[in-house]
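What follows is the content of entry-v6.cif (mmCIF, C-alpha atoms).
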```cif
data_model
loop_
_atom_site.label_atom_id
_atom_site.label_comp_id
_atom_site.auth_asym_id
_atom_site.auth_seq_id
_atom_site.Cartn_x
_atom_site.Cartn_y
_atom_site.Cartn_z
CA MET F 1 0.00 0.00 0.00
CA PRO F 2 1.38 3.48 -0.84
CA THR F 3 2.78 5.42 2.11
CA TYR F 4 1.15 8.69 1.06
CA ASP F 5 -2.19 9.69 -0.40
CA VAL F 6 -0.72 12.67 -2.27
CA VAL F 7 2.82 13.85 -2.97
CA ILE F 8 3.24 17.48 -4.00
CA SER F 9 5.82 18.46 -6.62
CA PHE F 10 6.44 22.20 -6.84
CA ALA F 11 9.05 24.89 -7.37
CA GLY F 12 10.29 26.83 -4.35
CA GLU F 13 8.83 30.04 -5.72
CA ASP F 14 5.38 28.42 -5.52
CA ARG F 15 5.78 27.22 -1.93
CA GLU F 16 3.02 29.43 -0.54
CA ILE F 17 0.45 27.67 -2.72
CA ALA F 18 1.92 24.23 -1.98
CA ALA F 19 1.88 24.92 1.77
CA ALA F 20 -1.77 26.00 1.69
CA ILE F 21 -2.75 22.86 -0.20
CA ALA F 22 -0.73 20.60 2.10
CA SER F 23 -2.16 22.05 5.32
CA ASN F 24 -5.73 21.82 4.02
CA LEU F 25 -5.24 18.22 2.92
CA VAL F 26 -3.88 17.31 6.35
CA THR F 27 -6.94 18.93 7.91
CA ARG F 28 -9.06 16.59 5.80
CA GLY F 29 -7.11 13.62 7.16
CA ILE F 30 -5.18 13.02 3.93
CA ASN F 31 -1.59 11.81 4.24
CA VAL F 32 0.62 14.23 2.29
CA PHE F 33 4.28 14.27 1.33
CA TYR F 34 5.31 17.91 1.61
CA ASP F 35 9.00 18.56 2.19
CA GLU F 36 8.59 20.80 5.24
CA TYR F 37 6.67 18.01 7.00
CA GLU F 38 9.52 15.58 6.31
CA GLN F 39 12.65 17.47 7.35
CA ALA F 40 13.70 15.03 10.07
CA ASN F 41 13.03 12.05 7.81
CA LEU F 42 14.99 13.58 4.91
CA TRP F 43 17.98 14.55 7.04
CA GLY F 44 21.07 12.63 5.93
CA LYS F 45 19.37 10.67 3.14
CA ASP F 46 20.57 10.48 -0.46
CA LEU F 47 17.81 12.74 -1.74
CA TYR F 48 18.22 11.75 -5.38
CA VAL F 49 17.51 8.11 -4.56
CA HIS F 50 14.97 8.75 -1.81
CA LEU F 51 12.87 11.26 -3.76
CA THR F 52 12.85 9.01 -6.80
CA LYS F 53 11.16 6.35 -4.67
CA ILE F 54 8.76 8.85 -3.08
CA TYR F 55 7.55 10.31 -6.38
CA ARG F 56 7.58 7.03 -8.31
CA ASP F 57 6.42 4.41 -5.82
CA ASP F 58 5.11 5.76 -2.53
CA SER F 59 1.90 7.67 -3.26
CA LYS F 60 -1.55 7.25 -4.71
CA TYR F 61 -1.29 10.53 -6.63
CA CYS F 62 1.29 13.16 -7.53
CA LEU F 63 -0.02 16.72 -7.50
CA MET F 64 2.18 18.69 -9.89
CA LEU F 65 2.12 22.50 -9.57
CA ILE F 66 2.93 23.54 -13.12
CA SER F 67 4.51 26.95 -13.62
CA GLU F 68 7.37 28.72 -15.39
CA ASN F 69 9.38 28.24 -12.20
CA TYR F 70 8.63 24.52 -12.21
CA ALA F 71 9.93 24.11 -15.75
CA LYS F 72 13.32 25.61 -14.87
CA LYS F 73 14.20 23.68 -11.71
CA GLN F 74 16.53 20.69 -11.58
CA TRP F 75 14.80 19.03 -8.63
CA THR F 76 11.30 19.46 -10.00
CA ASN F 77 12.45 17.89 -13.26
CA HIS F 78 13.78 14.96 -11.27
CA GLU F 79 10.47 14.59 -9.40
CA ARG F 80 8.55 14.91 -12.67
CA LYS F 81 10.55 12.16 -14.38
CA ALA F 82 10.03 9.82 -11.42
CA ALA F 83 6.28 10.51 -11.43
CA GLN F 84 6.06 10.09 -15.21
CA ALA F 85 7.80 6.72 -14.98
CA ARG F 86 5.05 5.57 -12.60
CA ALA F 87 2.27 6.99 -14.79
CA PHE F 88 3.72 5.32 -17.89
CA GLN F 89 4.18 1.99 -16.12
CA GLU F 90 0.63 1.90 -14.77
CA ASN F 91 -1.08 3.75 -17.64
CA SER F 92 -3.08 5.67 -15.05
CA GLU F 93 -3.91 9.22 -14.04
CA TYR F 94 -1.23 9.21 -11.34
CA ILE F 95 -0.11 12.76 -12.17
CA LEU F 96 -2.66 15.47 -11.35
CA PRO F 97 -1.53 18.73 -13.00
CA LEU F 98 -2.49 21.98 -11.29
CA ARG F 99 -1.69 24.87 -13.61
CA LEU F 100 -0.47 28.09 -12.02
CA ASP F 101 0.30 29.63 -15.42
CA ASP F 102 0.56 28.57 -19.07
CA ALA F 103 4.04 27.02 -18.91
CA GLU F 104 4.70 23.95 -21.03
CA ILE F 105 6.26 21.01 -19.19
CA GLU F 106 8.12 18.25 -20.97
CA GLY F 107 6.09 15.05 -21.01
CA VAL F 108 2.85 16.68 -19.83
CA LEU F 109 0.68 16.61 -22.92
CA GLY F 110 -1.75 19.38 -23.71
CA THR F 111 -4.50 16.77 -23.82
CA THR F 112 -3.92 15.80 -20.17
CA GLY F 113 -6.80 16.88 -17.96
CA TYR F 114 -5.76 19.59 -15.53
CA ILE F 115 -7.17 22.07 -13.03
CA ASP F 116 -6.36 25.76 -13.45
CA TYR F 117 -5.48 27.30 -10.10
CA ARG F 118 -6.31 30.74 -11.46
CA HIS F 119 -9.93 29.77 -11.97
CA SER F 120 -10.53 27.42 -9.03
CA SER F 121 -10.92 28.03 -5.32
CA LEU F 122 -8.59 26.33 -2.86
CA GLU F 123 -11.60 24.66 -1.24
CA LYS F 124 -12.68 23.16 -4.56
CA ILE F 125 -9.16 21.87 -5.30
CA ILE F 126 -8.94 20.23 -1.86
CA SER F 127 -12.37 18.64 -2.27
CA MET F 128 -11.44 17.21 -5.67
CA LEU F 129 -8.18 15.78 -4.32
CA ALA F 130 -10.02 14.24 -1.38
CA GLU F 131 -12.53 12.70 -3.76
CA LYS F 132 -9.73 11.23 -5.90
CA VAL F 133 -8.19 9.60 -2.82
CA PHE F 134 -11.57 8.31 -1.68
CA LEU F 135 -12.26 6.71 -5.08
CA PHE F 136 -8.74 5.24 -5.25
CA ASN F 137 -9.28 3.56 -1.88
CA LYS F 138 -12.66 2.24 -2.94
CA GLU F 139 -11.45 0.90 -6.30
CA ASN F 140 -8.44 -0.78 -4.69
CA ASN F 141 -10.34 -2.22 -1.71
CA ILE F 142 -8.26 -0.23 0.76
CA SER F 143 -10.11 -0.38 4.04
CA TYR F 144 -9.65 1.33 7.36
CA ASP F 145 -10.15 0.53 11.01
CA LEU F 146 -13.32 1.46 12.84
CA VAL F 147 -13.45 5.10 13.92
CA SER F 148 -15.39 5.75 17.10
CA ALA F 149 -17.28 8.95 17.75
CA GLU F 150 -15.29 9.48 20.95
CA SER F 151 -11.97 9.22 19.09
CA VAL F 152 -13.10 11.85 16.58
CA PHE F 153 -13.97 14.29 19.38
CA LYS F 154 -10.75 13.52 21.25
CA ASN F 155 -8.63 14.38 18.21
CA ALA F 156 -10.68 17.39 17.14
CA LEU F 157 -11.24 19.33 20.37
CA ASP F 158 -9.08 20.70 23.17
CA PHE F 159 -10.67 19.52 26.40
CA LYS F 160 -8.32 21.65 28.54
CA GLY F 161 -7.50 18.91 31.04
CA GLN F 162 -11.04 17.61 31.37
CA ARG F 163 -11.88 14.14 30.16
CA ALA F 164 -12.89 13.81 26.52
CA TYR F 165 -16.39 12.84 25.50
CA ARG F 166 -17.05 9.11 25.41
CA ASP F 167 -19.52 7.15 23.35
CA LYS F 168 -21.54 6.53 26.50
CA ASP F 169 -22.00 10.33 26.87
CA MET F 170 -23.64 10.56 23.43
CA VAL F 171 -27.35 9.78 23.38
CA THR F 172 -29.70 9.45 20.41
CA ASN F 173 -32.98 7.82 19.37
CA CYS F 174 -33.46 5.13 16.77
CA PRO F 175 -36.00 6.44 14.21
CA THR F 176 -37.41 2.92 13.75
CA CYS F 177 -38.01 1.68 17.31
CA ASN F 178 -37.78 5.14 18.91
CA GLU F 179 -35.65 3.71 21.72
CA LYS F 180 -33.24 6.05 23.44
CA GLN F 181 -29.67 4.74 23.64
CA ASN F 182 -26.11 5.90 24.02
CA LEU F 183 -23.60 5.14 21.30
CA SER F 184 -21.69 2.66 23.45
CA GLU F 185 -24.79 0.42 23.31
CA ALA F 186 -24.92 0.47 19.50
CA THR F 187 -23.13 -2.05 17.27
CA MET F 188 -20.19 -0.73 15.24
CA SER F 189 -19.22 -2.03 11.80
CA LEU F 190 -17.42 -0.96 8.62
CA SER F 191 -19.00 -0.26 5.23
CA ASP F 192 -16.36 0.68 2.67
CA ASP F 193 -14.63 3.65 4.34
CA ASP F 194 -17.51 4.45 6.71
CA THR F 195 -18.00 3.45 10.33
CA LEU F 196 -21.62 2.53 11.03
CA TYR F 197 -23.37 2.62 14.39
CA THR F 198 -26.44 0.35 14.30
CA CYS F 199 -29.31 0.51 16.79
CA LYS F 200 -28.80 -1.85 19.73
CA ASN F 201 -31.98 -3.64 18.62
CA GLY F 202 -30.63 -4.07 15.08
CA CYS F 203 -33.32 -1.84 13.55
CA GLN F 204 -31.22 0.46 11.38
CA THR F 205 -28.08 2.58 11.14
CA ILE F 206 -28.31 5.50 13.55
CA LEU F 207 -24.94 7.14 12.83
CA VAL F 208 -22.41 7.05 10.00
CA ILE F 209 -18.92 8.48 10.49
CA SER F 210 -17.55 9.32 7.05
CA ARG F 211 -13.93 9.85 6.16
CA PRO F 212 -12.41 12.66 4.09
CA GLY F 213 -13.50 12.60 0.48
CA GLU F 214 -17.06 11.58 1.22
CA THR F 215 -19.35 13.57 -1.04
CA ALA F 216 -21.34 16.04 1.03
CA TRP F 217 -24.31 18.25 0.36
CA PRO F 218 -26.55 20.46 2.52
CA GLY F 219 -28.32 18.50 5.21
CA ARG F 220 -26.12 15.43 4.91
CA GLY F 221 -23.89 15.79 7.93
CA PHE F 222 -21.91 17.65 10.56
CA ARG F 223 -18.17 18.09 9.89
CA LEU F 224 -15.84 17.73 12.84
CA LYS F 225 -12.29 18.39 11.64
CA ASP F 226 -11.32 15.27 9.64
CA TYR F 227 -14.69 13.51 9.66
CA VAL F 228 -18.39 13.96 8.95
CA PHE F 229 -21.05 12.78 11.40
CA ARG F 230 -24.20 11.68 9.58
CA ASN F 231 -26.80 11.03 12.26
CA ALA F 232 -30.40 10.08 11.60
CA SER F 233 -31.65 11.64 14.86
CA ASP F 234 -30.37 14.37 17.16
CA ILE F 235 -27.39 13.38 19.30
CA THR F 236 -26.99 15.02 22.71
CA ILE F 237 -23.70 14.96 24.58
CA GLN F 238 -23.69 15.41 28.34
CA THR F 239 -20.89 14.90 30.87
CA GLU F 240 -20.64 15.57 34.58
CA TYR F 241 -18.72 18.82 34.00
CA MET F 242 -21.07 20.27 31.35
CA GLN F 243 -23.80 22.64 32.49
CA LEU F 244 -25.59 22.38 29.16
CA ALA F 245 -25.76 19.42 26.81
CA MET F 246 -24.15 19.72 23.38
CA LEU F 247 -26.42 19.02 20.42
CA ILE F 248 -25.51 17.50 17.05
CA PRO F 249 -28.69 18.05 15.02
CA ALA F 250 -30.08 15.27 12.88
CA SER F 251 -29.05 15.41 9.23
CA LYS F 252 -32.06 15.25 6.95
CA SER F 253 -30.09 13.43 4.23
CA ALA F 254 -27.75 11.58 6.61
CA LEU F 255 -28.28 8.06 5.30
CA MET F 256 -28.80 8.88 1.63
CA LYS F 257 -26.28 7.40 -0.80
CA VAL F 258 -27.12 9.72 -3.68
CA GLN F 259 -28.14 13.35 -3.64
CA SER F 260 -31.75 13.97 -4.55
CA ASN F 261 -32.43 16.16 -7.59
CA SER F 262 -35.45 17.68 -5.94
#
```
As structure tokens, how would this structure be written, given the file I've shared?
Amino acid sequence: MPTYDVVISFAGEDREIAAAIASNLVTRGINVFYDEYEQANLWGKDLYVHLTKIYRDDSKYCLMLISENYAKKQWTNHERKAAQARAFQENSEYILPLRLDDAEIEGVLGTTGYIDYRHSSLEKIISMLAEKVFLFNKENNISYDLVSAESVFKNALDFKGQRAYRDKDMVTNCPTCNEKQNLSEATMSLSDDDTLYTCKNGCQTILVISRPGETAWPGRGFRLKDYVFRNASDITIQTEYMQLAMLIPASKSALMKVQSNS
């Protein structure tokens, strides 16, 4: 399995854009190779050999920031050749060109599909990259471990020394049997990349925790840092140190697989 979801190839002059993309991908839970995140790992290595492996073998996709600066750099040409070797070998869309200007890059054909940074928002670019990773995982049967609601909260919030929320603190109702239950009573299972919480009576799914890349639309879920909670009924969270319960409202389209056209 590749070490990274996305490796970013860019010229130093375009670092500001690369850094913004990298940080936003990390926020979405996507594993990124970006040189500033790897300084300790790169220290002392033969970079010519190591980066060849990174850009040729160790990622699901290579995001290439194409610019006049990119075309002139020795290291970006090295990264490009390594990535192109992988793309040629697999005959796949491994290289994802992101155009910063109209520079021509050797080996990147004009017929290759690309995104133009000048006409796309950063949010849209990040969402498309996340979707590519999600589809790659699905097509290659790459599965994940269960993700509990309590682990999502623990990683997303600063509890300032107080204990983090637990599944037993989170209470909801099953829409089918209308029985009140906390999430620790529900049954957890995996479906593709999603973690499902099923009613303790087996009636239906009461909560889906979706990973980055999951297609979202209004009313489908509640984003909490790297994940989306898709709950069929309201979830209330109450601990001994909270004066007021926290509410995660029900998502009208929580359990829908396809967006309605209506």
For the provided coordinates, the residues matched by the PyMOL selection byres ((chain F and resi 12-22) around 7) should be stated as a PyMOL selection string. chain F and resi 10-11+23-26+32+34+69+126
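With all atoms listed in the file as the atoms that count, the residue of F:Ala245, F:Val133, F:Leu65, F:Leu255 with the shortest distance to Arg230 (chain F) is F:Leu255.
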Find the distance between CA of His50 (chain F) and CA of Asn91 (chain F) and write it in Å to one decimal.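 Atom-to-atom, CA of His50 (chain F) to CA of Asn91 (chain F), that is 23.1 Å.
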Could you check which of F:Thr76, F:Gln238, F:Ser127, F:Thr52 is closest to Arg28 (chain F), using all atoms listed in the file?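 Result for the nearest residue to Arg28 (chain F): F:Ser127.
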Measuring between only C-alpha atoms, which one of F:His119, F:Glu38, F:Leu129, F:Leu146 shows the shortest distance to Asp193 (chain F)?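 Looking at the shortest contact to Asp193 (chain F), the residue is F:Leu146.
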Residues matched by the PyMOL selection byres ((chain F and resi 82) around 10) as a PyMOL selection string: chain F and resi 51-57+76-81+83-87
Give me the residues near Glu150 (chain F) as a PyMOL selection string, where near means some atom within 8 Å (using all atoms listed in the file) and where sequence neighbours in that chain fewer than 3 positions away do not count. chain F and resi 153-154+164-167
Would you save the residues from that selection as a short mmCIF file (atom, residue, chain, number, x, y, z; two decimals), in the coordinates of the input, using C-alpha atoms?
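Output below, filename result.cif:
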```
data_model
loop_
_atom_site.label_atom_id
_atom_site.label_comp_id
_atom_site.auth_asym_id
_atom_site.auth_seq_id
_atom_site.Cartn_x
_atom_site.Cartn_y
_atom_site.Cartn_z
CA PHE F 153 -13.97 14.29 19.38
CA LYS F 154 -10.75 13.52 21.25
CA ALA F 164 -12.89 13.81 26.52
CA TYR F 165 -16.39 12.84 25.50
CA ARG F 166 -17.05 9.11 25.41
CA ASP F 167 -19.52 7.15 23.35
#
```
Where does the PyMOL selection byres ((chain F and resi 251) around 7) land in this file, that is, which residues does it pick, as a list of chain:residue names? F:Gly219, F:Arg220, F:Gly221, F:Arg230, F:Asn231, F:Ala232, F:Pro249, F:Ala250, F:Lys252, F:Ser253, F:Ala254
I want to know what sits within 9 Å of Gly113 (chain F), based on only C-alpha atoms, with residues of the same chain fewer than 4 positions away left out; could you give that as a list in words? Leu96, Pro97 and Leu109 of chain F
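You can rank F:Tyr117, F:Phe222, F:Phe136, F:Tyr61 by their closest distance to Tyr94 (chain F) using all atoms listed in the file, and at the top of that list sits F:Tyr61.
Of the listed residues (F:Thr195, F:Ile105, F:Lys200, F:Leu157), F:Lys200 comes nearest to Cys177 (chain F); the distances count only C-alpha atoms.
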For Trp75 (chain F), which residue among F:Met1, F:Val49, F:Leu122, F:Val208 is the nearest when counting all atoms listed in the file?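 Comparing F:Met1, F:Val49, F:Leu122, F:Val208 against Trp75 (chain F), the winner is F:Val49.
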Can you work out the spacing between CA of Tyr197 (chain F) and CA of Ile209 (chain F) in Å, to one decimal?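 CA of Ile209 (chain F) lies at a distance of 8.3 Å from CA of Tyr197 (chain F).
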Interatomic distance (Å, one decimal) between CA of Ser151 (chain F) and CA of Ile8 (chain F):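 One can read the CA of Ser151 (chain F) to CA of Ile8 (chain F) distance as 28.9 Å.
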Taking all listed atoms of region 157-160 of chain F, build the axis-aligned box, pad each of the six sides by 5 Å, then write its centre and edge lengths in Å to one decimal as JSON.
```
{"center_x": -9.8, "center_y": 20.5, "center_z": 24.5, "size_x": 12.9, "size_y": 12.3, "size_z": 18.2}
```
Would you save region 192-203 of chain F from the block above with all heavy atoms, as a PDB file, in the first residue's frame?
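Just written: selection_22.pdb:
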```pdb
ATOM      1  N   ASP F 192     -17.351  -0.045   3.460  1.00  0.00           N
ATOM      2  CA  ASP F 192     -16.358   0.683   2.672  1.00  0.00           C
ATOM      3  C   ASP F 192     -15.478   1.486   3.628  1.00  0.00           C
ATOM      4  O   ASP F 192     -14.854   0.924   4.501  1.00  0.00           O
ATOM      5  CB  ASP F 192     -17.028   1.576   1.619  1.00  0.00           C
ATOM      6  CG  ASP F 192     -17.776   0.766   0.568  1.00  0.00           C
ATOM      7  OD1 ASP F 192     -17.317  -0.351   0.259  1.00  0.00           O
ATOM      8  OD2 ASP F 192     -18.795   1.243   0.061  1.00  0.00           O
ATOM      9  N   ASP F 193     -15.470   2.814   3.481  1.00  0.00           N
ATOM     10  CA  ASP F 193     -14.633   3.650   4.341  1.00  0.00           C
ATOM     11  C   ASP F 193     -15.406   4.229   5.524  1.00  0.00           C
ATOM     12  O   ASP F 193     -14.857   5.011   6.301  1.00  0.00           O
ATOM     13  CB  ASP F 193     -14.051   4.813   3.531  1.00  0.00           C
ATOM     14  CG  ASP F 193     -13.049   4.336   2.497  1.00  0.00           C
ATOM     15  OD1 ASP F 193     -12.614   3.181   2.595  1.00  0.00           O
ATOM     16  OD2 ASP F 193     -12.704   5.113   1.601  1.00  0.00           O
ATOM     17  N   ASP F 194     -16.668   3.881   5.662  1.00  0.00           N
ATOM     18  CA  ASP F 194     -17.507   4.452   6.711  1.00  0.00           C
ATOM     19  C   ASP F 194     -17.573   3.546   7.936  1.00  0.00           C
ATOM     20  O   ASP F 194     -17.558   2.319   7.821  1.00  0.00           O
ATOM     21  CB  ASP F 194     -18.936   4.659   6.204  1.00  0.00           C
ATOM     22  CG  ASP F 194     -19.039   5.707   5.115  1.00  0.00           C
ATOM     23  OD1 ASP F 194     -18.178   6.603   5.083  1.00  0.00           O
ATOM     24  OD2 ASP F 194     -19.980   5.623   4.313  1.00  0.00           O
ATOM     25  N   THR F 195     -17.675   4.173   9.102  1.00  0.00           N
ATOM     26  CA  THR F 195     -17.997   3.449  10.331  1.00  0.00           C
ATOM     27  C   THR F 195     -19.487   3.621  10.596  1.00  0.00           C
ATOM     28  O   THR F 195     -19.997   4.743  10.610  1.00  0.00           O
ATOM     29  CB  THR F 195     -17.194   3.995  11.524  1.00  0.00           C
ATOM     30  OG1 THR F 195     -15.803   3.730  11.316  1.00  0.00           O
ATOM     31  CG2 THR F 195     -17.634   3.329  12.821  1.00  0.00           C
ATOM     32  N   LEU F 196     -20.179   2.505  10.780  1.00  0.00           N
ATOM     33  CA  LEU F 196     -21.620   2.529  11.029  1.00  0.00           C
ATOM     34  C   LEU F 196     -21.909   2.194  12.487  1.00  0.00           C
ATOM     35  O   LEU F 196     -21.330   1.264  13.045  1.00  0.00           O
ATOM     36  CB  LEU F 196     -22.348   1.514  10.141  1.00  0.00           C
ATOM     37  CG  LEU F 196     -22.070   1.520   8.639  1.00  0.00           C
ATOM     38  CD1 LEU F 196     -22.966   0.494   7.952  1.00  0.00           C
ATOM     39  CD2 LEU F 196     -22.276   2.901   8.040  1.00  0.00           C
ATOM     40  N   TYR F 197     -22.796   2.962  13.090  1.00  0.00           N
ATOM     41  CA  TYR F 197     -23.374   2.617  14.390  1.00  0.00           C
ATOM     42  C   TYR F 197     -24.801   2.147  14.120  1.00  0.00           C
ATOM     43  O   TYR F 197     -25.607   2.893  13.551  1.00  0.00           O
ATOM     44  CB  TYR F 197     -23.413   3.829  15.315  1.00  0.00           C
ATOM     45  CG  TYR F 197     -22.107   4.183  15.997  1.00  0.00           C
ATOM     46  CD1 TYR F 197     -21.102   4.855  15.317  1.00  0.00           C
ATOM     47  CD2 TYR F 197     -21.894   3.860  17.336  1.00  0.00           C
ATOM     48  CE1 TYR F 197     -19.914   5.197  15.947  1.00  0.00           C
ATOM     49  CE2 TYR F 197     -20.711   4.201  17.979  1.00  0.00           C
ATOM     50  CZ  TYR F 197     -19.730   4.871  17.282  1.00  0.00           C
ATOM     51  OH  TYR F 197     -18.554   5.211  17.909  1.00  0.00           O
ATOM     52  N   THR F 198     -25.105   0.916  14.519  1.00  0.00           N
ATOM     53  CA  THR F 198     -26.436   0.349  14.303  1.00  0.00           C
ATOM     54  C   THR F 198     -27.174   0.258  15.630  1.00  0.00           C
ATOM     55  O   THR F 198     -26.582  -0.096  16.660  1.00  0.00           O
ATOM     56  CB  THR F 198     -26.334  -1.050  13.663  1.00  0.00           C
ATOM     57  OG1 THR F 198     -25.636  -0.936  12.418  1.00  0.00           O
ATOM     58  CG2 THR F 198     -27.714  -1.646  13.408  1.00  0.00           C
ATOM     59  N   CYS F 199     -28.454   0.576  15.600  1.00  0.00           N
ATOM     60  CA  CYS F 199     -29.313   0.511  16.788  1.00  0.00           C
ATOM     61  C   CYS F 199     -29.062  -0.777  17.572  1.00  0.00           C
ATOM     62  O   CYS F 199     -28.868  -1.846  16.990  1.00  0.00           O
ATOM     63  CB  CYS F 199     -30.777   0.586  16.354  1.00  0.00           C
ATOM     64  SG  CYS F 199     -31.969   0.235  17.669  1.00  0.00           S
ATOM     65  N   LYS F 200     -29.073  -0.679  18.884  1.00  0.00           N
ATOM     66  CA  LYS F 200     -28.796  -1.850  19.728  1.00  0.00           C
ATOM     67  C   LYS F 200     -29.802  -2.974  19.498  1.00  0.00           C
ATOM     68  O   LYS F 200     -29.531  -4.135  19.802  1.00  0.00           O
ATOM     69  CB  LYS F 200     -28.777  -1.448  21.199  1.00  0.00           C
ATOM     70  CG  LYS F 200     -30.107  -0.959  21.759  1.00  0.00           C
ATOM     71  CD  LYS F 200     -29.966  -0.565  23.223  1.00  0.00           C
ATOM     72  CE  LYS F 200     -31.291  -0.113  23.819  1.00  0.00           C
ATOM     73  NZ  LYS F 200     -31.140   0.284  25.245  1.00  0.00           N
ATOM     74  N   ASN F 201     -30.970  -2.628  18.940  1.00  0.00           N
ATOM     75  CA  ASN F 201     -31.975  -3.643  18.618  1.00  0.00           C
ATOM     76  C   ASN F 201     -31.857  -4.139  17.180  1.00  0.00           C
ATOM     77  O   ASN F 201     -32.671  -4.951  16.731  1.00  0.00           O
ATOM     78  CB  ASN F 201     -33.384  -3.085  18.853  1.00  0.00           C
ATOM     79  CG  ASN F 201     -33.612  -2.713  20.307  1.00  0.00           C
ATOM     80  OD1 ASN F 201     -33.189  -3.434  21.211  1.00  0.00           O
ATOM     81  ND2 ASN F 201     -34.263  -1.579  20.540  1.00  0.00           N
ATOM     82  N   GLY F 202     -30.857  -3.627  16.455  1.00  0.00           N
ATOM     83  CA  GLY F 202     -30.629  -4.066  15.079  1.00  0.00           C
ATOM     84  C   GLY F 202     -31.559  -3.455  14.058  1.00  0.00           C
ATOM     85  O   GLY F 202     -31.619  -3.921  12.914  1.00  0.00           O
ATOM     86  N   CYS F 203     -32.297  -2.417  14.443  1.00  0.00           N
ATOM     87  CA  CYS F 203     -33.316  -1.842  13.548  1.00  0.00           C
ATOM     88  C   CYS F 203     -32.714  -1.210  12.300  1.00  0.00           C
ATOM     89  O   CYS F 203     -33.127  -1.511  11.177  1.00  0.00           O
ATOM     90  CB  CYS F 203     -34.130  -0.783  14.285  1.00  0.00           C
ATOM     91  SG  CYS F 203     -34.939  -1.365  15.780  1.00  0.00           S
TER      92      CYS F 203
END
```
